[in-house]
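Structure file run-v1.txt (compact mmCIF, C-alpha atoms) follows.
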```
# COMPACT_ATOMS: atom_id res chain seq x y z
CA MET A 50 102.44 89.34 6.38
CA ILE A 51 101.28 87.86 3.11
CA VAL A 52 103.02 84.81 1.76
CA PHE A 53 102.69 83.85 -1.91
CA LEU A 54 103.38 80.27 -2.98
CA VAL A 55 104.49 80.34 -6.60
CA GLY A 56 104.86 77.28 -8.79
CA CYS A 57 103.74 74.86 -6.12
CA GLN A 58 100.77 72.52 -6.15
CA SER A 59 99.20 71.10 -3.05
CA PRO A 60 99.32 67.29 -2.87
CA PRO A 61 95.96 65.60 -3.46
CA VAL A 62 94.03 64.98 -0.33
CA GLU A 63 93.14 61.31 0.02
CA GLU A 64 89.63 60.59 1.12
CA PRO A 65 89.59 58.64 4.38
CA ALA A 66 88.94 54.95 3.75
CA ILE A 67 85.48 53.85 4.69
CA PRO A 68 85.83 50.72 6.79
CA ASP A 69 83.98 47.64 5.72
CA PRO A 70 80.83 47.18 7.72
CA ILE A 71 81.28 44.91 10.69
CA PRO A 72 79.83 41.53 9.72
CA ARG A 73 76.55 40.92 11.45
CA VAL A 74 76.78 37.81 13.54
CA GLU A 75 73.46 36.06 13.71
CA ALA A 76 72.75 33.26 16.11
CA ALA A 77 72.26 29.90 14.50
CA PRO A 78 68.56 29.00 14.27
CA LEU A 79 67.17 27.10 17.22
CA LEU A 80 66.35 23.48 16.48
CA THR A 81 63.20 21.75 17.72
CA SER A 82 61.39 18.59 16.68
CA PRO A 83 58.79 18.99 13.91
CA ALA A 84 55.34 19.88 15.20
CA GLU A 85 53.19 16.84 15.90
CA ALA A 86 49.82 16.01 14.34
CA ILE A 87 46.77 16.64 16.48
CA ASP A 88 44.74 13.60 17.50
CA ALA A 89 41.14 14.62 16.82
CA ASP A 90 39.70 11.63 18.70
CA ASP A 91 40.35 11.27 22.44
CA THR A 92 39.11 7.67 22.50
CA PRO A 93 41.85 5.43 23.92
CA GLY A 94 43.45 3.30 21.23
CA VAL A 95 42.21 5.53 18.39
CA PHE A 96 44.28 8.12 16.53
CA LEU A 97 42.48 10.38 14.04
CA THR A 98 44.13 13.15 12.07
CA GLU A 99 44.12 14.93 8.70
CA LEU A 100 46.94 15.71 6.26
CA ARG A 101 46.69 18.31 3.51
CA PRO A 102 49.47 18.29 0.91
CA ALA A 103 49.46 21.62 -0.91
CA PRO A 104 51.73 23.98 -2.86
CA ALA A 105 53.96 26.04 -0.61
CA VAL A 106 56.74 28.60 -0.73
CA LEU A 107 58.97 27.77 2.22
CA SER A 108 62.46 29.19 2.16
CA ILE A 109 65.49 27.76 3.89
CA GLU A 110 68.01 30.00 5.61
CA GLY A 111 65.75 32.98 4.98
CA GLU A 112 66.22 32.96 1.20
CA ASP A 113 63.02 33.46 -0.76
CA VAL A 114 64.63 32.23 -3.98
CA ALA A 115 65.21 28.74 -2.73
CA GLY A 116 63.05 26.43 -0.75
CA TYR A 117 60.34 23.83 -0.67
CA SER A 118 57.49 23.88 -3.16
CA TYR A 119 55.10 21.54 -1.32
CA ALA A 120 54.17 20.95 2.30
CA TYR A 121 51.87 18.89 4.49
CA ASP A 122 49.78 21.26 6.59
CA GLY A 123 52.12 24.13 5.74
CA GLN A 124 55.25 22.65 7.33
CA VAL A 125 58.37 20.76 6.22
CA PRO A 126 58.91 18.17 7.58
CA GLY A 127 55.22 17.38 7.82
CA PRO A 128 53.53 16.80 11.17
CA THR A 129 54.90 13.87 13.16
CA LEU A 130 52.29 11.20 13.85
CA ARG A 131 52.86 9.77 17.33
CA VAL A 132 50.80 6.64 18.04
CA ALA A 133 51.02 3.53 20.22
CA VAL A 134 51.33 -0.13 19.32
CA GLY A 135 47.84 -1.46 18.59
CA ASP A 136 46.25 1.94 17.92
CA THR A 137 43.73 2.24 15.11
CA VAL A 138 45.27 4.98 12.97
CA THR A 139 42.96 6.91 10.66
CA THR A 140 44.35 9.67 8.44
CA LEU A 141 42.19 11.70 6.06
CA LEU A 142 44.30 12.90 3.16
CA GLN A 143 42.84 15.95 1.41
CA ASN A 144 44.76 16.50 -1.83
CA ASP A 145 45.19 20.22 -2.45
CA LEU A 146 47.91 19.67 -5.05
CA ALA A 147 47.47 20.14 -8.79
CA ASP A 148 48.52 16.51 -9.33
CA ALA A 149 47.53 13.12 -8.00
CA THR A 150 49.32 11.92 -4.88
CA THR A 151 49.33 9.15 -2.25
CA VAL A 152 50.75 8.46 1.19
CA HIS A 153 53.11 5.51 1.53
CA TRP A 154 53.76 4.43 5.13
CA HIS A 155 57.43 3.53 4.75
CA GLY A 156 58.50 0.63 6.97
CA MET A 157 55.03 -0.05 8.39
CA GLN A 158 53.12 -3.27 7.81
CA VAL A 159 49.78 -1.92 6.64
CA PRO A 160 47.15 -3.63 4.45
CA GLU A 161 47.87 -3.55 0.72
CA ALA A 162 44.96 -1.15 0.08
CA MET A 163 46.47 1.32 2.58
CA ASP A 164 50.07 1.13 1.30
CA GLY A 165 49.75 4.17 -0.98
CA ALA A 166 51.82 2.63 -3.77
CA GLY A 167 49.53 4.16 -6.40
CA TRP A 168 50.66 1.88 -9.21
CA VAL A 169 47.25 0.22 -9.57
CA ASP A 170 44.64 2.94 -9.00
CA GLY A 171 46.58 6.04 -10.04
CA GLY A 172 46.40 7.67 -6.62
CA ILE A 173 44.25 10.41 -5.13
CA ALA A 174 43.13 12.94 -7.74
CA PRO A 175 43.52 16.69 -7.17
CA GLY A 176 40.72 18.14 -5.04
CA THR A 177 39.64 14.75 -3.70
CA ALA A 178 40.24 12.93 -0.42
CA PHE A 179 41.05 9.44 0.76
CA THR A 180 40.99 7.90 4.24
CA TYR A 181 43.86 5.66 5.28
CA THR A 182 43.08 3.27 8.13
CA PHE A 183 45.33 0.64 9.68
CA THR A 184 46.51 -0.77 12.99
CA ALA A 185 49.90 0.39 14.24
CA GLY A 186 52.12 -2.67 14.51
CA ALA A 187 55.71 -2.98 15.68
CA PRO A 188 57.26 -0.02 17.56
CA GLY A 189 59.85 2.14 15.85
CA THR A 190 60.58 5.24 13.82
CA PHE A 191 58.93 5.23 10.40
CA TRP A 192 58.02 7.87 7.83
CA TYR A 193 55.40 8.80 5.26
CA HIS A 194 55.77 10.23 1.76
CA PRO A 195 54.03 10.11 -1.64
CA HIS A 196 54.55 7.24 -4.05
CA LEU A 197 53.40 8.96 -7.23
CA ASP A 198 55.80 11.28 -9.07
CA VAL A 199 57.79 10.34 -6.02
CA GLY A 200 61.05 12.10 -6.89
CA ALA A 201 59.48 15.51 -7.41
CA GLN A 202 56.91 15.30 -4.60
CA VAL A 203 59.34 14.08 -1.94
CA ASP A 204 61.94 16.50 -3.28
CA GLY A 205 59.41 19.31 -2.98
CA GLY A 206 58.92 18.72 0.75
CA LEU A 207 56.27 16.05 1.17
CA TYR A 208 57.54 13.83 3.96
CA GLY A 209 57.08 13.35 7.70
CA VAL A 210 57.81 10.98 10.56
CA VAL A 211 55.63 8.33 12.22
CA ILE A 212 56.54 7.22 15.75
CA VAL A 213 55.00 4.02 17.05
CA GLU A 214 55.53 3.82 20.81
CA ASP A 215 55.65 0.71 22.98
CA PRO A 216 54.38 1.51 26.51
CA ALA A 217 56.77 -1.13 27.87
CA GLU A 218 59.86 0.75 26.67
CA PRO A 219 61.70 3.14 29.01
CA VAL A 220 60.91 6.83 28.65
CA ALA A 221 63.80 9.23 28.10
CA ASP A 222 63.89 12.70 29.66
CA ARG A 223 63.21 14.13 26.23
CA GLU A 224 62.87 13.07 22.59
CA LEU A 225 64.28 14.80 19.52
CA VAL A 226 63.28 14.05 15.93
CA LEU A 227 65.91 14.93 13.30
CA VAL A 228 64.94 14.83 9.60
CA PHE A 229 67.86 15.40 7.24
CA ASP A 230 67.49 16.62 3.66
CA ALA A 231 70.16 17.48 1.06
CA TRP A 232 70.51 20.53 -1.19
CA GLY A 233 72.98 21.56 -3.86
CA GLU A 234 75.17 24.61 -3.34
CA HIS A 235 75.20 26.69 -6.53
CA ASP A 236 77.36 29.52 -7.84
CA ASP A 237 75.44 32.18 -5.96
CA GLY A 238 76.05 30.38 -2.68
CA VAL A 239 72.36 29.99 -2.06
CA PRO A 240 71.25 26.48 -1.20
CA GLY A 241 68.32 25.44 -3.29
CA LEU A 242 67.00 25.09 -6.79
CA ASP A 243 69.07 25.98 -9.83
CA GLY A 244 66.17 27.14 -11.97
CA GLU A 245 66.58 24.25 -14.39
CA SER A 246 65.53 21.26 -12.31
CA ASP A 247 63.12 20.64 -9.47
CA ASP A 248 65.36 17.90 -8.09
CA HIS A 249 67.58 19.50 -5.47
CA HIS A 250 68.77 16.07 -4.37
CA ASP A 251 70.31 15.00 -7.66
CA LEU A 252 73.82 15.29 -6.24
CA THR A 253 76.95 13.28 -6.89
CA ASP A 254 79.51 15.62 -5.30
CA PRO A 255 79.15 15.70 -1.49
CA ALA A 256 81.33 18.82 -1.36
CA ARG A 257 78.44 20.68 -3.02
CA THR A 258 75.83 19.28 -0.67
CA ARG A 259 74.25 21.40 2.03
CA TRP A 260 72.12 19.58 4.54
CA THR A 261 69.05 20.87 6.28
CA VAL A 262 67.92 19.55 9.65
CA ASN A 263 64.16 19.92 10.13
CA GLY A 264 64.30 22.53 7.36
CA LEU A 265 67.13 24.55 8.95
CA VAL A 266 70.75 25.03 7.88
CA GLY A 267 73.33 24.68 10.65
CA PRO A 268 70.95 24.93 13.61
CA ARG A 269 71.78 24.69 17.31
CA PHE A 270 70.03 22.50 19.85
CA VAL A 271 70.03 23.45 23.53
CA ALA A 272 70.27 20.54 25.98
CA THR A 273 70.46 20.45 29.76
CA GLY A 274 73.30 18.79 31.62
CA GLY A 275 72.32 15.44 33.06
CA GLU A 276 69.37 14.76 30.75
CA ARG A 277 69.06 11.69 28.54
CA ILE A 278 67.59 12.30 25.09
CA ARG A 279 66.22 9.71 22.69
CA VAL A 280 67.12 10.92 19.19
CA ARG A 281 65.19 9.60 16.20
CA THR A 282 66.80 10.30 12.81
CA LEU A 283 65.64 10.02 9.19
CA ASN A 284 67.49 10.57 5.92
CA ALA A 285 64.68 11.93 3.71
CA SER A 286 66.90 12.94 0.78
CA ASN A 287 66.35 11.53 -2.69
CA THR A 288 69.95 10.62 -3.40
CA SER A 289 72.46 11.74 -0.76
CA TYR A 290 74.03 9.55 1.91
CA LEU A 291 74.75 10.59 5.51
CA ALA A 292 77.70 9.33 7.56
CA LEU A 293 76.70 10.63 11.00
CA GLY A 294 79.17 11.03 13.82
CA TRP A 295 79.71 12.74 17.20
CA PRO A 296 81.75 11.98 20.33
CA GLY A 297 80.55 8.99 22.33
CA MET A 298 77.92 7.88 19.80
CA ARG A 299 75.44 5.39 21.30
CA GLN A 300 73.09 3.82 18.76
CA ILE A 301 70.10 2.03 20.24
CA GLY A 302 68.02 1.15 17.17
CA GLY A 303 67.52 1.13 13.43
CA ASP A 304 64.76 0.92 10.81
CA GLN A 305 62.52 -1.36 12.85
CA GLY A 306 62.93 -0.07 16.39
CA LEU A 307 65.28 -0.91 19.24
CA TRP A 308 68.19 -3.27 18.78
CA GLY A 309 68.94 -6.17 21.06
CA ALA A 310 71.87 -4.23 22.54
CA PRO A 311 73.13 -0.65 22.08
CA GLU A 312 76.31 -0.13 20.07
CA GLY A 313 78.97 2.55 19.95
CA PRO A 314 79.99 3.00 16.32
CA GLU A 315 82.24 5.86 15.24
CA VAL A 316 80.01 6.52 12.23
CA THR A 317 76.46 5.49 11.29
CA VAL A 318 75.72 5.58 7.56
CA LEU A 319 72.14 6.38 6.59
CA ALA A 320 71.14 5.72 2.99
CA PRO A 321 68.09 7.56 1.64
CA GLY A 322 65.05 6.19 3.48
CA ASP A 323 67.06 4.87 6.44
CA ARG A 324 66.28 5.64 10.07
CA ALA A 325 68.33 5.19 13.22
CA GLU A 326 67.81 5.86 16.93
CA PHE A 327 70.42 7.14 19.38
CA GLU A 328 70.78 8.18 22.99
CA TRP A 329 72.46 11.42 24.04
CA ASP A 330 73.64 11.41 27.65
CA VAL A 331 74.28 15.12 28.09
CA GLY A 332 77.03 16.21 30.47
CA THR A 333 79.09 19.36 30.78
CA GLU A 334 80.17 19.93 27.18
CA GLY A 335 78.36 20.40 23.90
CA PHE A 336 79.32 18.78 20.62
CA ASP A 337 78.83 18.92 16.86
CA VAL A 338 76.79 16.41 14.86
CA THR A 339 78.72 15.89 11.64
CA THR A 340 78.71 13.92 8.42
CA LEU A 341 81.60 12.60 6.37
CA PRO A 342 81.41 13.13 2.61
CA TRP A 343 79.76 9.92 1.42
CA VAL A 344 78.51 8.88 -2.01
CA ALA A 345 76.59 5.97 -3.46
CA ALA A 346 79.40 5.34 -5.94
CA GLY A 347 82.08 4.22 -3.53
CA GLY A 348 81.37 5.27 0.05
CA GLU A 349 83.61 7.81 1.78
CA ALA A 350 84.75 10.50 -0.65
CA LEU A 351 87.25 13.35 -0.67
CA GLY A 352 86.23 16.45 1.19
CA ASP A 353 85.86 17.93 4.62
CA THR A 354 83.66 16.72 7.43
CA ARG A 355 80.51 18.86 7.50
CA THR A 356 78.79 20.11 10.65
CA LEU A 357 75.05 19.48 10.52
CA LEU A 358 74.03 20.92 13.89
CA THR A 359 75.59 22.01 17.16
CA VAL A 360 74.47 20.82 20.59
CA GLU A 361 74.88 23.44 23.31
CA VAL A 362 74.63 22.66 27.02
CA GLU A 363 72.91 24.89 29.53
CA GLU A 364 73.30 24.15 33.23
CA PRO A 365 76.20 21.72 32.73
CA ALA A 366 76.15 18.70 35.01
CA THR A 367 77.58 15.21 35.28
CA ALA A 368 76.08 12.95 32.63
CA SER A 369 73.51 10.46 33.89
CA ALA A 370 73.96 6.73 33.49
CA PRO A 371 72.67 5.47 30.14
CA ILE A 372 69.11 4.23 29.93
CA ALA A 373 68.68 0.49 30.47
CA TRP A 374 66.96 -0.30 27.19
CA PRO A 375 65.26 -3.69 26.99
CA THR A 376 67.57 -6.38 25.68
CA ALA A 377 66.65 -9.07 23.21
CA ASP A 378 68.35 -11.91 21.45
CA THR A 379 71.17 -10.67 19.26
CA TRP A 380 71.75 -14.02 17.60
CA VAL A 381 71.47 -14.16 13.83
CA SER A 382 69.19 -16.74 12.23
CA PRO A 383 71.11 -19.53 10.49
CA ASP A 384 71.58 -19.04 6.76
CA PRO A 385 70.35 -22.17 4.93
CA ALA A 386 71.96 -23.38 1.76
CA HIS A 387 68.90 -22.77 -0.42
CA THR A 388 67.53 -19.57 -1.99
CA GLU A 389 63.91 -18.95 -2.98
CA LEU A 390 64.13 -15.51 -4.59
CA VAL A 391 66.96 -13.65 -6.32
CA TYR A 392 67.01 -9.96 -7.23
CA VAL A 393 69.89 -8.67 -9.36
CA PHE A 394 70.39 -4.89 -9.46
CA GLN A 395 72.15 -3.60 -12.54
CA GLY A 396 72.21 -0.84 -15.14
CA GLY A 397 72.99 2.84 -15.11
CA GLY A 398 74.99 4.95 -17.50
CA GLU A 399 72.77 5.96 -20.39
CA GLY A 400 70.42 3.00 -19.95
CA ASP A 401 67.68 1.97 -17.57
CA TRP A 402 68.16 0.90 -13.98
CA LEU A 403 67.15 -2.75 -13.91
CA ILE A 404 66.12 -5.53 -11.53
CA ASN A 405 66.64 -9.01 -12.99
CA GLY A 406 67.20 -7.41 -16.37
CA GLU A 407 63.76 -5.73 -16.36
CA ALA A 408 62.70 -2.09 -16.06
CA TRP A 409 59.45 -0.99 -14.46
CA PRO A 410 56.64 -1.41 -15.42
CA ASP A 411 57.55 -4.34 -17.69
CA VAL A 412 58.49 -6.68 -14.84
CA THR A 413 57.92 -10.26 -13.73
CA ARG A 414 55.98 -10.68 -10.50
CA GLN A 415 57.66 -13.16 -8.17
CA VAL A 416 55.79 -14.87 -5.33
CA ALA A 417 56.50 -15.72 -1.68
CA ALA A 418 54.29 -18.08 0.31
CA LEU A 419 52.19 -16.41 3.01
CA GLY A 420 53.47 -17.25 6.48
CA ALA A 421 56.57 -19.05 5.25
CA ASP A 422 60.22 -18.13 5.75
CA THR A 423 61.62 -17.10 2.38
CA ILE A 424 65.34 -16.68 1.68
CA VAL A 425 66.01 -13.70 -0.60
CA GLU A 426 69.38 -12.99 -2.18
CA VAL A 427 70.09 -9.50 -3.54
CA ARG A 428 73.06 -9.06 -5.87
CA ASN A 429 74.39 -5.71 -7.01
CA LEU A 430 76.17 -5.81 -10.37
CA SER A 431 76.19 -2.05 -10.93
CA ALA A 432 78.74 0.65 -10.11
CA THR A 433 76.69 2.27 -7.37
CA ASN A 434 75.05 1.30 -4.10
CA HIS A 435 71.30 0.65 -3.95
CA PRO A 436 69.13 0.96 -0.81
CA PHE A 437 66.87 -2.11 -1.17
CA HIS A 438 63.37 -1.33 0.14
CA LEU A 439 60.40 -3.71 0.34
CA HIS A 440 56.90 -2.42 1.04
CA GLY A 441 54.61 -4.02 3.61
CA GLN A 442 57.18 -6.46 5.01
CA ARG A 443 60.28 -6.48 7.13
CA PHE A 444 63.22 -8.84 6.92
CA GLU A 445 66.31 -10.02 8.79
CA VAL A 446 69.76 -9.47 7.28
CA LEU A 447 71.63 -12.80 7.37
CA SER A 448 74.95 -12.25 5.63
CA VAL A 449 76.95 -9.93 3.39
CA ASP A 450 79.20 -11.55 0.80
CA GLY A 451 78.89 -14.84 2.67
CA VAL A 452 79.89 -13.41 6.07
CA PRO A 453 77.16 -13.53 8.75
CA VAL A 454 76.28 -10.16 10.22
CA PRO A 455 77.57 -9.73 13.81
CA ALA A 456 74.17 -9.08 15.43
CA ARG A 457 70.50 -9.55 14.64
CA ARG A 458 69.10 -6.75 12.43
CA ILE A 459 65.48 -6.45 11.34
CA GLU A 460 65.13 -3.93 8.51
CA ASP A 461 62.86 -2.66 5.76
CA THR A 462 65.60 -0.78 3.89
CA VAL A 463 69.14 -2.14 3.55
CA ASP A 464 71.96 -0.61 1.52
CA ILE A 465 73.50 -3.02 -1.02
CA GLY A 466 77.09 -2.08 -1.80
CA ILE A 467 78.81 -2.23 -5.15
CA ARG A 468 79.28 -5.90 -6.20
CA GLN A 469 77.82 -7.05 -2.88
CA ARG A 470 75.68 -10.12 -2.31
CA VAL A 471 73.30 -9.79 0.63
CA ARG A 472 71.07 -12.57 1.92
CA LEU A 473 67.81 -11.85 3.73
CA LEU A 474 65.29 -13.87 5.70
CA LEU A 475 61.76 -12.74 4.87
CA HIS A 476 58.88 -14.00 6.98
CA ALA A 477 56.16 -13.10 4.50
CA ASP A 478 53.23 -12.50 6.85
CA ASN A 479 51.41 -9.61 5.10
CA PRO A 480 49.39 -10.74 2.06
CA GLY A 481 49.25 -8.63 -1.08
CA ASP A 482 51.30 -7.33 -4.00
CA TRP A 483 54.20 -5.25 -2.73
CA LEU A 484 56.60 -2.91 -4.50
CA LEU A 485 60.28 -3.68 -4.17
CA HIS A 486 62.74 -1.03 -5.35
CA CYS A 487 65.89 0.98 -4.91
CA HIS A 488 65.29 3.99 -2.64
CA LEU A 489 67.57 6.26 -4.61
CA LEU A 490 64.50 7.86 -6.12
CA GLY A 491 66.11 8.59 -9.48
CA HIS A 492 66.94 4.90 -9.79
CA GLU A 493 63.41 3.91 -8.83
CA GLU A 494 61.89 6.24 -11.42
CA GLY A 495 64.52 5.05 -13.92
CA GLY A 496 63.08 1.52 -13.79
CA MET A 497 64.62 -0.12 -10.70
CA MET A 498 61.34 -1.39 -9.24
CA THR A 499 59.37 -4.64 -9.33
CA VAL A 500 56.56 -6.47 -7.51
CA LEU A 501 56.61 -9.28 -4.94
CA GLY A 502 53.36 -11.12 -4.38
CA VAL A 503 52.68 -12.67 -0.96
CA GLU A 504 49.92 -15.25 -1.26
```
Write the structure described by the file as structure tokens, please.
Amino acid sequence: MIVFLVGCQSPPVEEPAIPDPIPRVEAAPLLTSPAEAIDADDTPGVFLTELRPAPAVLSIEGEDVAGYSYAYDGQVPGPTLRVAVGDTVTTLLQNDLADATTVHWHGMQVPEAMDGAGWVDGGIAPGTAFTYTFTAGAPGTFWYHPHLDVGAQVDGGLYGVVIVEDPAEPVADRELVLVFDAWGEHDDGVPGLDGESDDHHDLTDPARTRWTVNGLVGPRFVATGGERIRVRTLNASNTSYLALGWPGMRQIGGDQGLWGAPEGPEVTVLAPGDRAEFEWDVGTEGFDVTTLPWVAAGGEALGDTRTLLTVEVEEPATASAPIAWPTADTWVSPDPAHTELVYVFQGGGEGDWLINGEAWPDVTRQVAALGADTIVEVRNLSATNHPFHLHGQRFEVLSVDGVPVPARRIEDTVDIGIRQRVRLLLHADNPGDWLLHCHLLGHEEGGMMTVLGVE
């Protein structure tokens, strides 16, 4: 039988929908400490190494369009220098950049000629070398970076950690070095450069900030239950603040090594250039290391807490008892009524950033007496915080706005809040002419730098 369909039209056949591809779930990158520099001299008490700053193309998060433009020895962060108190440290710097550079040993008391400030001699020319030699002094976590064209060179990836060990200190089961750096998040979602500026740290909106940890975005760290880990941290960003937090935080030290007694703050704020040391007593559960949105112009800002890295636990076990770190006096030195030196931070907007009304290099050199205790008062009259950093010296924080600090703190970089007045005790025991500046590198390059002579 034949059937004819007249005047009818078959309905259109819809093509079957093609399902969206299943998102590929990639494991977060595995976090380790930066590779350490090789000691080329096995003589006890002598540390010899070489650093080669050079152009580099190092992507973050696998994106070739965004990344670091410079590196020491091909890695960012640069190699960690691990030395002992009293070691003779010799570092040959071979400049493979197209521009002059230096190495500044941030937080370390080195001779003036080894400080790497570069403001007198113009630094190490391209294609030439210079040998830095000094004796490692107080124990702690320090860092190295250029001090010429400092914003661009640090921004490009030239920085690394120096660890000075004290053989008398307890030894943790493991150490972890965490170097944090900040990037802008642009319209394409790729963290990195915007094609118009080489300053990926010039950020005022923390909601747009993406942080790298040892050059990685959102890495994971695998710990073992029961182990105790000494964690050394550095904020190497040009401009961005960190407000670190995790459950059961135990801070054991700051800029200049161990504190007199561990503390358990909910949040530790690290200004650019700041370091802090912590202890992780790993148990059965992992945790996230996070940062609150934090800005120089006012502190905690609107926005969500950001996860910087995740700690995973293999072989969960009961946490061990905390390490018995050596204790020291926590008393604060008395604050006398007199003041020898005053530094007033001001400026901003469309003008220069100033110290005592002066912009670098047209500044007045003040003087502290060698070997004497000098009281320094720092006043901030601007609308933003300023991390106050002094080369070649360290100081004790006495009071903030007239209130004594609760425990003894020896620092080389201290954040001065908006309208704050901070008093410091400087035992000026390292002779020379030393730079003193804000460690927000845009402020430093905008004029907020001067010189203190110790003689």
Listed atoms of range 357-374 of chain A, axis-aligned box, 3 Å per side: centre and edge lengths to one decimal in Å, as lines of an AutoDock Vina configuration file?
```
center_x = 72.3
center_y = 12.3
center_z = 22.9
size_x = 16.6
size_y = 31.2
size_z = 30.8
```
Length of the CA of Asp482 in chain A to CA of Phe394 in chain A vector [Å]: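 The value is 20.0 Å.
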What is the distance, in Å and to one decimal place, between CA of Arg101 in chain A and CA of Arg443 in chain A?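 Distance between the two atoms: 28.5 Å.
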Give me the residues within 10 Å of Val500 in chain A as a list in words, counting all atoms listed in the file and dropping any in the same chain fewer than 2 places off. Trp409, Pro410, Val412, Thr413, Arg414, Gln415, Val416, Leu439, His440, Gly481, Asp482, Trp483, Leu484, Leu485, His486, Met498, Gly502 and Val503 of chain A
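You will find CA of Asp215 in chain A at 17.6 Å from CA of Pro311 in chain A.
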Set the distance at 9 Å and use all atoms listed in the file: which residues neighbour range 252-267 of chain A once local chain neighbours fewer than 2 positions away are removed? I'd like the list as number ranges by chain. A: 77-83, 108-110, 125-126, 226-235, 240-241, 249-250, 269, 288-290, 341-346, 350-353, 355-359
Compile the contact shell of Ser448 in chain A as a ChimeraX atom specification: residues with an atom at most 8 Å away, counting all atoms listed in the file, same-chain residues fewer than 4 positions apart removed. /A:384,452-454,471-473
So which one's closest to Gly322 in chain A, A:Asp148, A:Asp304, A:Asp378, A:Glu493? Using all atoms listed in the file, please.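 Ranking A:Asp148, A:Asp304, A:Asp378, A:Glu493 by distance to Gly322 in chain A, first place goes to A:Asp304.
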For Asp164 in chain A, which of A:Thr340, A:Pro480, A:Leu130, A:Pro268 is the closest residue, counting all atoms listed in the file?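 The closest residue to Asp164 in chain A is A:Pro480.
Counting all atoms listed in the file, the residue from A:Pro436, A:Tyr193, A:Gln202, A:Thr139 that sits nearest to Ala103 in chain A is A:Gln202.
Non-sequential neighbours of Glu326 in chain A (distance at most 10 Å, separation of 6 or more positions within a chain, all atoms listed in the file) are Gly189, Thr190, Leu225, Val226, Leu227, Arg279, Val280, Arg281, Thr282, Leu283, Arg299, Gln300, Ile301, Gly302, Gly303, Asp304, Gln305, Gly306, Leu307, Trp308 and Pro311 of chain A.
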List the neighbours of Met163 in chain A out to 10 Å using all atoms listed in the file; skip same-chain residues closer than 3 positions along the sequence, and give me the result as a ChimeraX atom specification. /A:151-154,158-160,166-167,179-183,441
Selected residue, from A:Thr423, A:Asn434, A:Ser369, A:Thr376, that lies nearest to Gly396 in chain A when counting all atoms listed in the file: A:Asn434
What would the list of residues within 8 Å of (69.2, 23.3, 23.7) (file frame) look like as a PyMOL selection string, if only C-alpha atoms are what count? chain A and resi 79-80+269-273+360-363
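Remark: for Ile459 in chain A, the closest of the candidate residues A:Thr379, A:Val425, A:Tyr392, A:Ser286 is A:Thr379 (distances computed over only C-alpha atoms).
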Using the block above, I'd like range 364-376 of chain A written out, keeping N, CA and C atoms and formatting it as a CSV table (one decimal), in the first residue's frame.
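result.csv, written as the output of this step:
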```csv
chain,number,residue,atom,x,y,z
A,364,GLU,N,49.0,11.5,56.0
A,364,GLU,CA,49.3,10.7,57.3
A,364,GLU,C,48.9,11.5,58.5
A,365,PRO,N,47.6,11.9,58.6
A,365,PRO,CA,47.2,12.7,59.8
A,365,PRO,C,47.6,12.1,61.1
A,366,ALA,N,47.9,12.9,62.0
A,366,ALA,CA,48.3,12.4,63.3
A,366,ALA,C,48.1,13.6,64.4
A,367,THR,N,48.1,13.2,65.6
A,367,THR,CA,48.0,14.2,66.7
A,367,THR,C,49.1,15.2,66.5
A,368,ALA,N,48.8,16.5,66.7
A,368,ALA,CA,49.8,17.6,66.6
A,368,ALA,C,50.8,17.4,67.7
A,369,SER,N,52.1,17.7,67.4
A,369,SER,CA,53.1,17.6,68.4
A,369,SER,C,53.0,18.9,69.3
A,370,ALA,N,53.6,18.9,70.5
A,370,ALA,CA,53.7,20.0,71.3
A,370,ALA,C,54.6,21.1,70.6
A,371,PRO,N,54.2,22.4,70.8
A,371,PRO,CA,55.0,23.4,70.1
A,371,PRO,C,56.5,23.4,70.5
A,372,ILE,N,57.3,23.9,69.6
A,372,ILE,CA,58.7,24.0,69.9
A,372,ILE,C,59.0,25.0,71.0
A,373,ALA,N,59.9,24.6,71.9
A,373,ALA,CA,60.3,25.5,73.0
A,373,ALA,C,61.3,26.5,72.5
A,374,TRP,N,60.9,27.6,71.9
A,374,TRP,CA,61.8,28.6,71.4
A,374,TRP,C,62.5,29.3,72.5
A,375,PRO,N,63.7,29.7,72.3
A,375,PRO,CA,64.4,30.4,73.4
A,375,PRO,C,63.7,31.7,73.8
A,376,THR,N,63.5,32.0,75.0
A,376,THR,CA,62.8,33.2,75.5
A,376,THR,C,63.9,34.3,75.8
```
